[in-house]
Every structure is written in C-alpha cells, then in structure tokens.
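> Have a look at the structure that comes next, please.
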Amino acid sequence: MDILDVLKTNAGLHPDKLAYGYIGKEGEITEQLDYHQLHQRVLGASHLLSSKFPVNARVILLLPAEAGFVCSFLGALHAGIIAVPTPISYSEPGINRILSIMRDCAASGIITNAKTYKMLFQRKNDASSALQDYDAEWIFTDDLMVAPAAPGAIRRHKESIETAYLQYTSGSTSQPKGVMISHTNLTANLRAINNCFGRTAEDTSVTWLPHYHDMGLVDGLLSPLFTGGTGFVISPLLFITKPALLLQTISTYHAGFCGGPGFGLDHCLARIPQEQLDALDLSSLRVLYVGAEPIRISTLERFAAATQAAGFRKNSLVPSYGLAEATLAVSLHLNGTPTTYRKLTDAKEVVACGPPVEFTEVSIVNPVSNASLPDGKEGEIWVKNSGIAAGYWEKPDVTKATFQAYTSDGEGPYLRTGDLGFMENGLLFITGRTKELIIIRGVNYYPQDIEEVVSESHPDIQPNAAAAFSVETEQGEALMIVSEVRRVAQTPDDEKVIKNKMAQSVGLAFGLIPHEILLLQPGKLPKTSSGKIQRLKARELFAKKSIVD
C-alpha cells in the first residue's frame with residue numbers, strides 16, 4: 001500500500017478523526033482536516049489537476065504551511081502528476097532559484113495561493129518579470145480547496161517505481177538537482193522510519209519543518225498520515241519568531257513525536273525562559289529526532305537538562321542520519337536507549353546515529369580506492385536500500401556517479417553520500433563530509449553560489465578569488481568567507497566597507513549572516529594548478545587562523 005492507498009483506508013476506517021491541525025500565533029487551531037475531508041479534497045484536487053495536465057507533467061508547489069499544500073501534493077500524486085515542492089521567496093535571488101528549478105524540470109504548472117502570487121510580483125525586477133513570462137499554468141488553492149467533491153475521481157495509472165515527486169536538494173541557483181522519489185521509495189522509507197519509532201494510529205506528531213525539505217515532507221507531514229495518526233503543523237516562520245509554540249503544542253496535545261535540526265533545540269533554549277519550560281508537560285514525547293546537520297553533543301545534553309523538570313526523558317533524543325537521495329532516513333538511534341558517544345580526538349567527540357534502518361546496508365568505503373573498510377575505520381558512507389532514489393532528474397552523468405557506485409570488489413550499486421563516518425558495533429557515526437557542500441541549520445548551500453554573490457558585491461574583490469565554507473562554532477555550523485582583494489594596501493575603513501557589502505549581499509541572497517569574513521592579498525587563496533579554488537584547503541588554513549602573510 002502506498003501513501004494514497006493508506007489515505008483511502010484511513011478515511012474509511014476513521015473518517016472523523018483529525019488528520020492535520022494547523023497552529024496559529026496564539027496556539028489556536030487555524031485550519032483542520034479530518035480523514036474524510038482530507039480524502040475528499042485530495043480527490044477534488046486530483047480531478048481538477050487531471051483536467052489540466054497530462055500524466056508525468058511537473059507542477060511546482062509554491063505554498064506556505066497550510067492545508068492547501070498537503071491536499072495539492074497528494075492530489076498531484078493521485079493525478080499521476082510529478083509534484084515539485086519549492087521554497088517560497090520574494091527576493092530577486094529567491095525568485096531566480098524558483099525559476100532555476102522550474103527550468104530544470106521543465107515545469108508546466110504552478111500551484112500557489114492568491115496572496116503568495118501577489119507578493120511574488122509586488123517588486124518589479126528581472127526575476128519577477130521572467131517568472132511572469134514563464135509559460136506555465138497557475139493554479140490557485142483558493143479554487144482547488146473549494147473544488148467540488150469528486151468521489152469518482154480516477155487515479156491515473158503509474159508504475160510504483162516511476163517518479164512520484166521531485167525533491168530538490170539545495171538552495172543552489174546554478175545547479176539545482178531534483179531527486180526522483182517514487183512511491184516504492186517513499187513507502188519503504190516511511191515504513192522503516194515508523195517501524196523504528198514505533199509510531200501508531202494512536203499517536204500525535206508535531207512538526208515545524210519546511211514541507212519542501214525532505215525531513216519536513218516525509219516525516220513531518222506524511223508519517224502521521226502513513227500511520228493513521230494526527231499531525232499538528234506550525235509554520236517555520238512562526239517557530240523562529242515564537243519557538244515556545246512548538247513545545248506548548250507538544251504539551252497541550254500530548255504529542256509523542258517531533259524532530260528537526262539541532263539548531264531548533266538551541267533556539268528553544270535561547271528564547272524560552274526556564275520557568276516557562278518547567279511549566280510544560282513533555283512527558284509524552286517518546287521521539288525527538290535530531291538530524292539534517294552535524295549533531296552537537298552539547299546541544300543534546302543542554303536540551304535534556306533544561307527540559308528534565310518538564311518530564312522530558314533524555315532517552316527520547318534520537319540522533320539520526322539521512323539525505324534526500326535516500327528519500328529521508330538511513331540510520332536512526334533506537335529511542336528509549338542511551339545515546340552512544342565516541343571520542344575521536346581531544347577536541348572532537350561524535351554521537352552514534354543508531355543502526356541502519358530496516359533492510360538497509362551501509363558500507364564504509366575508501367573514497368579514492370573504493371575499497372570496503374572494516375569496523376572502526378573512517379571512510380565515505382555508501383548506502384543500499386529500497387528508499388534510494390533512481391537518480392537526479394535529467395542528469396544521467398551525475399546520477400551514475402552518485403547512485404550507481406561499486407566497491408573495488410564489485411559490490412553494488414550503492415548511493416555515494418559524500419559524508420564521512422565509521423561503523424562500530426552496528427552503529428553509524430558521522431564524522432564529516434568529503435564534499436564541499438555547506439549545511440547550516442539543515443539547509444544545503446553550494447559554495448559556488450555564495451562565492452558568485454561575494455565576487456559581485458564590491459569592485460575591489462578579485463575575480464575567481466573567493467572561498468565559502470562552513471566552520472564549527474559554539475552555536476553549530478556557520479559560514480566563513482575568505483576573499484582576495486585587488487589592492488594590496490587596504491585601510492581599516494576600506495576593509496570594513498568591503499566586508500559590510502559582502503555580508504549584505506550574502507544576507508539578501510541566502511538569508512545567511514557570515515560568521516567571519518577574511519580579506520587576503522592577491523595570490524594568498526589556495527588554488528589548484530588549473531586555477532580551481534581549494535575550499536577544503538582554505539578551511540584548513542584560515543579557519544584555524546594559521547595565515548601566512
């Protein structure tokens with residue numbers, strides 16, 4: 001049974017049961033759908049979409065955290081259309097990102113609401129004009145959500161291994177990659193996650209995660225539906241401005257399941273007074289998974305200590321590892337058991353992200369020789385299971401390199417994750433990354449995109465002479481930028497102006513605040529003999545302040 005079969009079954013078994021509740025600014029429920037209503041709206045959306053788009057047409061979903069998203073997403077799947085969840089942004093770089101995704105998948109339609117549509121075109125610029133001129137049909141959830149009930153809507157046939165939706169993996173404007181997720185992939189991963197968690201139809205879940213992110217979509221929205229339970233949804237923006245709402249919702253509705261990047265836990269502790277934490281009841285929370293970015297042991301320990309008086313159990317913390325290319329989860333700590341730490345050096349300790357989920361093979365491989373490595377040896381993490389996607393949309397070369405890897409002794413195919421780690425006693429430990437991808441607060445950024453914005457931010461910046469990379473700070477992963485400047489002699493005031501322009505440009509384009517910006521004399525940034533920037537070498541040199549002038 002895939003997610004649509006499960007929805008139909010749930011609507012028949014308990015039609016009046018709450019499927020989704022959407023939380024407002026004061027903790028009130030602003031929208032709600034029982035299983036019967038959800039099923040009827042999905043059928044209505046499917047009927048309307050089937051009349052407008054052929055099977056396998058790609059349709060962008062440009063929607064905030066509202067009931068219209070889940071109805072549109074499931075309606076598109078029922079109509080045999082390939083749904084493409086996409087983040088909303090009203091800035092010019094953000095709209096360019098939307099356009100790059102649309103062009104990459106040759107989207108023929110966009111589902112949004114009237115308010116979002118209006119705001120997209122409020123500012124007139126090249127990006128908004130290009131979006132308005134793009135040849136795509138706009139569908140509004142204002143109409144979709146009131147579409148006549150269509151109980152006879154026929155599900156258009158597709159094989160279960162065909163692409164159901166595209167999960168774009170990063171904020172890249174120059175090289176978006178859409179992971180092709182099938183119903184087979186989704187069902188296998190949902191089953192693996194919920195068998196591990198022990199989530200049932202009696203359980204309530206809460207999510208604040210973006211629904212265009214793999215974790216927010218697969219576990220945040222679809223897991224409650226898959227298990228026949230109830231899911232409460234808080235918008236990411238509301239969580240950032242009022243994080244107490246998340247824990248209050250868990251307390252009020254006795255939720256058993258929640259999760260997200262570690263920065264979310266840090267954010268709660270930074271913004272919620274201890275006396276307010278103590279007044280909550282978090283004793284129902286059986287699983288609080290933490291993933292999507294490097295997991296900091298200090299974050300886990302601080303959160304467990306601060307919420308102990310509220311009834312939270314430290315053993316409910318679930319360090320996890322996954323990626324969009326595997327649909328979501330690869331390994332999950334077994335909730336209810338103590339977390340396992342391993343000290344690598346005096347300065348670095350890592351936490352086990354549990355054993356691989358069911359029917360999953362993880363191999364640790366030398367990334368250069370492709371030789372399999374024994375327990376305890378660090379190497380690249382390679383994965384094989386039914387949740388592994390078929391590849392990237394219309395990118396056969398990078399698909400072959402990433403999804404069809406074989407070890408030196410011929411074992412495979414595996415997914416190459418680009419992450420480093422080791423296995424010990426059946427547990428997976430994550431130690432770093434082989435690739436230069438920057439992950440901050442659970443969002444992926446390509447360094448090339450940041451460097452391009454940096455290079456254009458001020459005329460004194462040397463062309464092809466900026467490096468962006470992540471560094472470890474007390475607050476988690478943060479962005480560092482190193483750039484050469486044209487003039488050898490810069491006054492402190494000159495440097496301040498250049499750094500401010502860099503920071504403003506990066507902030508506008510990506511919503512990131514650089515942790516540190518370092519300006520160099522020409523020729524000081526490490527490059528290969530062919531002139532390519534060596535970002536990992538730059539991080540090794542400059543993040544430790546070992547700069548040779």
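Quick note on naming: the chains in the structure tokens go A, B, ... in the order shown, residues restart at 1 in each chain, and ligands are numbered from 1 in order of appearance.
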Fewer than 6 positions away in the same chain doesn't count, so skip those; otherwise give me all residues within 9 Å of A:Ser205, counting only C-alpha atoms, as a ChimeraX atom specification.

/A:220,223-224,229-233,250,253-258

> Need to verify the contact set: A:Lys435, 8 Å, only C-alpha atoms, exclusion of same-chain residues closer than 2 positions in sequence. Can you return it as a ChimeraX atom specification?

/A:418-419,433,437

> Neighbouring residues of stretch 519-523 of chain A were defined as those with any atom within 7 Å, considering only C-alpha atoms; residues of the same chain fewer than 6 positions away were excluded. Please report them as number ranges by chain.

A: 482-486, 488

> Excluding A:Trp138 and residues on its chain fewer than 3 positions from it, collect all residues at most 10 Å away from it, counting only C-alpha atoms, and give them as a VMD selection string.

chain A and resid 59 to 60 108 to 113 117 135 141

> Next, dump the selected residues to file, keeping only C-alpha atoms, as a PDB file, in the first residue's frame.


```
ATOM      1  CA  VAL A  59       3.985  21.001 -11.321  1.00  0.00           C
ATOM      2  CA  ILE A  60       5.631  23.383  -8.840  1.00  0.00           C
ATOM      3  CA  SER A 108       4.222  23.155 -16.903  1.00  0.00           C
ATOM      4  CA  GLY A 109       2.246  24.388 -13.906  1.00  0.00           C
ATOM      5  CA  ILE A 110       2.484  26.205 -10.575  1.00  0.00           C
ATOM      6  CA  ILE A 111       0.168  25.684  -7.617  1.00  0.00           C
ATOM      7  CA  THR A 112       0.090  28.610  -5.189  1.00  0.00           C
ATOM      8  CA  ASN A 113      -2.428  30.842  -3.406  1.00  0.00           C
ATOM      9  CA  TYR A 117       1.058  35.178  -6.144  1.00  0.00           C
ATOM     10  CA  ASP A 135       4.960  29.555 -19.916  1.00  0.00           C
ATOM     11  CA  THR A 141      -5.505  26.670  -3.893  1.00  0.00           C
TER      12      THR A 141
END
```

> Interatomic distance between atom CA of A:Ala390 and atom CA of A:Thr163?

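Atom CA of A:Thr163 lies at a distance of 8.4 Å from atom CA of A:Ala390.
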
> Please return, as a ChimeraX atom specification, all residues of stretch 381-536 of chain A that DSSP assigns to helix (DSSP H, G or I) on the basis of the backbone.

/A:396-403,447-455,492-510,535-536

> Using only C-alpha atoms, find the one residue out of A:Phe403, A:Phe429, A:Tyr134, A:Phe69 that sits nearest to A:Gly387.

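Counting only C-alpha atoms, the residue closest to A:Gly387 is A:Phe403.
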
> Among stretch 273-434 of chain A, which residues does DSSP mark as strand (DSSP E) when it is run on the backbone? Keep the chain and numbering as in the structure and answer as a tab-separated table (two decimals) with C-alpha atoms, in the first residue's frame.


```tsv
chain	number	residue	atom	x	y	z
A	287	VAL	CA	10.89	10.54	20.00
A	288	LEU	CA	12.67	13.84	19.44
A	289	TYR	CA	14.87	13.14	16.45
A	290	VAL	CA	17.83	15.36	15.62
A	317	LEU	CA	16.52	12.02	21.89
A	318	VAL	CA	17.09	10.25	18.58
A	319	PRO	CA	20.26	11.26	16.70
A	320	SER	CA	19.59	10.45	13.06
A	321	TYR	CA	21.26	10.41	9.68
A	322	GLY	CA	19.71	10.66	6.25
A	329	ALA	CA	16.29	8.19	6.79
A	330	VAL	CA	19.38	5.98	6.59
A	331	SER	CA	20.01	5.33	10.29
A	332	LEU	CA	18.11	6.15	13.49
A	341	TYR	CA	29.42	8.82	22.19
A	342	ARG	CA	32.90	8.19	20.81
A	343	LYS	CA	35.90	10.46	21.37
A	349	GLU	CA	33.56	13.69	20.07
A	350	VAL	CA	30.80	12.21	17.90
A	351	VAL	CA	27.43	10.64	18.64
A	361	GLU	CA	23.02	-1.90	4.02
A	362	VAL	CA	25.66	0.67	4.94
A	363	SER	CA	29.21	0.18	3.73
A	364	ILE	CA	32.17	2.35	4.73
A	365	VAL	CA	34.39	2.79	1.69
A	379	GLY	CA	35.58	6.38	5.13
A	380	GLU	CA	32.77	7.52	2.87
A	381	ILE	CA	29.28	6.29	3.75
A	382	TRP	CA	27.69	4.23	0.96
A	383	VAL	CA	24.08	3.09	1.24
A	384	LYS	CA	21.83	0.48	-0.37
A	415	LEU	CA	24.44	5.53	-3.19
A	416	ARG	CA	27.56	7.58	-2.51
A	417	THR	CA	26.54	10.05	0.19
A	418	GLY	CA	29.67	12.21	0.20
A	419	ASP	CA	29.63	12.01	4.00
A	420	LEU	CA	32.35	10.52	6.16
A	421	GLY	CA	31.81	8.16	9.05
A	422	PHE	CA	32.52	4.75	10.54
A	423	MET	CA	30.60	1.74	11.80
A	424	GLU	CA	31.17	0.31	15.26
A	427	LEU	CA	26.11	1.76	14.94
A	428	LEU	CA	26.83	4.53	12.41
A	429	PHE	CA	28.92	7.53	13.46
A	430	ILE	CA	29.10	10.63	11.22
A	431	THR	CA	32.45	12.43	11.28
A	432	GLY	CA	32.40	14.92	8.39
A	433	ARG	CA	31.94	15.44	4.68
```

> Within 8 Å of A:His458, counting only C-alpha atoms, which residues qualify if same-chain residues fewer than 6 places away don't, as a list in words?

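Residues meeting the cut-off are Ile498, Lys501 and Met502 of chain A.
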
> For A:Asn56, work out the shell of residues within 10 Å, counting only C-alpha atoms and skipping chain neighbours fewer than 6 positions away, then give it as a PDB file with C-alpha atoms, in the first residue's frame.


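Full text of selection33.pdb as output:
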```pdb
ATOM      1  CA  ALA A  76      -0.974  15.729  -7.758  1.00  0.00           C
ATOM      2  CA  LEU A  77       0.221  12.220  -6.878  1.00  0.00           C
ATOM      3  CA  ALA A  79      -3.479  12.567 -10.774  1.00  0.00           C
ATOM      4  CA  GLY A  80      -0.170  10.975 -11.813  1.00  0.00           C
ATOM      5  CA  ILE A  81       1.498  14.386 -11.916  1.00  0.00           C
ATOM      6  CA  ILE A  82       5.040  14.852 -10.617  1.00  0.00           C
ATOM      7  CA  ALA A  83       4.829  17.257  -7.674  1.00  0.00           C
ATOM      8  CA  LYS A 158       1.653   4.905 -12.992  1.00  0.00           C
ATOM      9  CA  GLU A 162       8.042   5.798 -11.579  1.00  0.00           C
ATOM     10  CA  THR A 163       8.788   9.259 -10.215  1.00  0.00           C
ATOM     11  CA  ALA A 164       6.050  10.488  -7.842  1.00  0.00           C
ATOM     12  CA  TYR A 165       7.715  13.763  -6.857  1.00  0.00           C
TER      13      TYR A 165
END
```

> What's the separation between atom CA of A:Asn125 and atom CA of A:Gly94, in Å to one decimal place?

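If I compute the distance from atom CA of A:Asn125 to atom CA of A:Gly94, I get 12.0 Å.
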
> Could you produce a table of the residues of stretch 59-83 of chain A lying within 10 Å of stretch 7-30 of chain A, with the nearest pair of atoms per residue and their separation in Å rounded to one decimal, using only C-alpha atoms, ordered by chain and increasing residue number, as a Markdown table?


```
| residue | atom | partner | partner_atom | distance |
| --- | --- | --- | --- | --- |
| A:Ala65 | CA | A:Tyr22 | CA | 8.1 |
| A:Glu66 | CA | A:Tyr22 | CA | 6.9 |
| A:Ala67 | CA | A:Tyr22 | CA | 7.6 |
| A:Val70 | CA | A:Tyr20 | CA | 9.4 |
| A:Leu74 | CA | A:Leu7 | CA | 9.4 |
```

> Can you work out the spacing between atom CA of A:Arg156 and atom CA of A:Arg103 in Å, to one decimal?

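The value is 25.2 Å.
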
> For stretch 104-106 of chain A, find every residue with an atom within 8 Å (counting only C-alpha atoms), except residues of its own chain fewer than 2 positions away, and show them as a PyMOL selection string.

chain A and resi 58+100-102+108+176-178+393-394

> Smallest atom-to-atom distance to A:Arg286: which of A:Thr249, A:Thr204, A:Thr339, A:Ala244, using only C-alpha atoms?

A:Thr204

> Can you work out which one of A:Asp34, A:Asp142, A:Glu358, A:Asp494 has the shortest atom-to-atom distance to A:Leu225, counting only C-alpha atoms?

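For A:Leu225, the nearest of the given residues is A:Asp34.
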
> With only C-alpha atoms as the basis for distance, which of A:Leu48, A:Ala306, A:Glu92, A:Gln37 is at the shortest distance from A:Asp278?

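Closest to A:Asp278, using only C-alpha atoms: A:Ala306.
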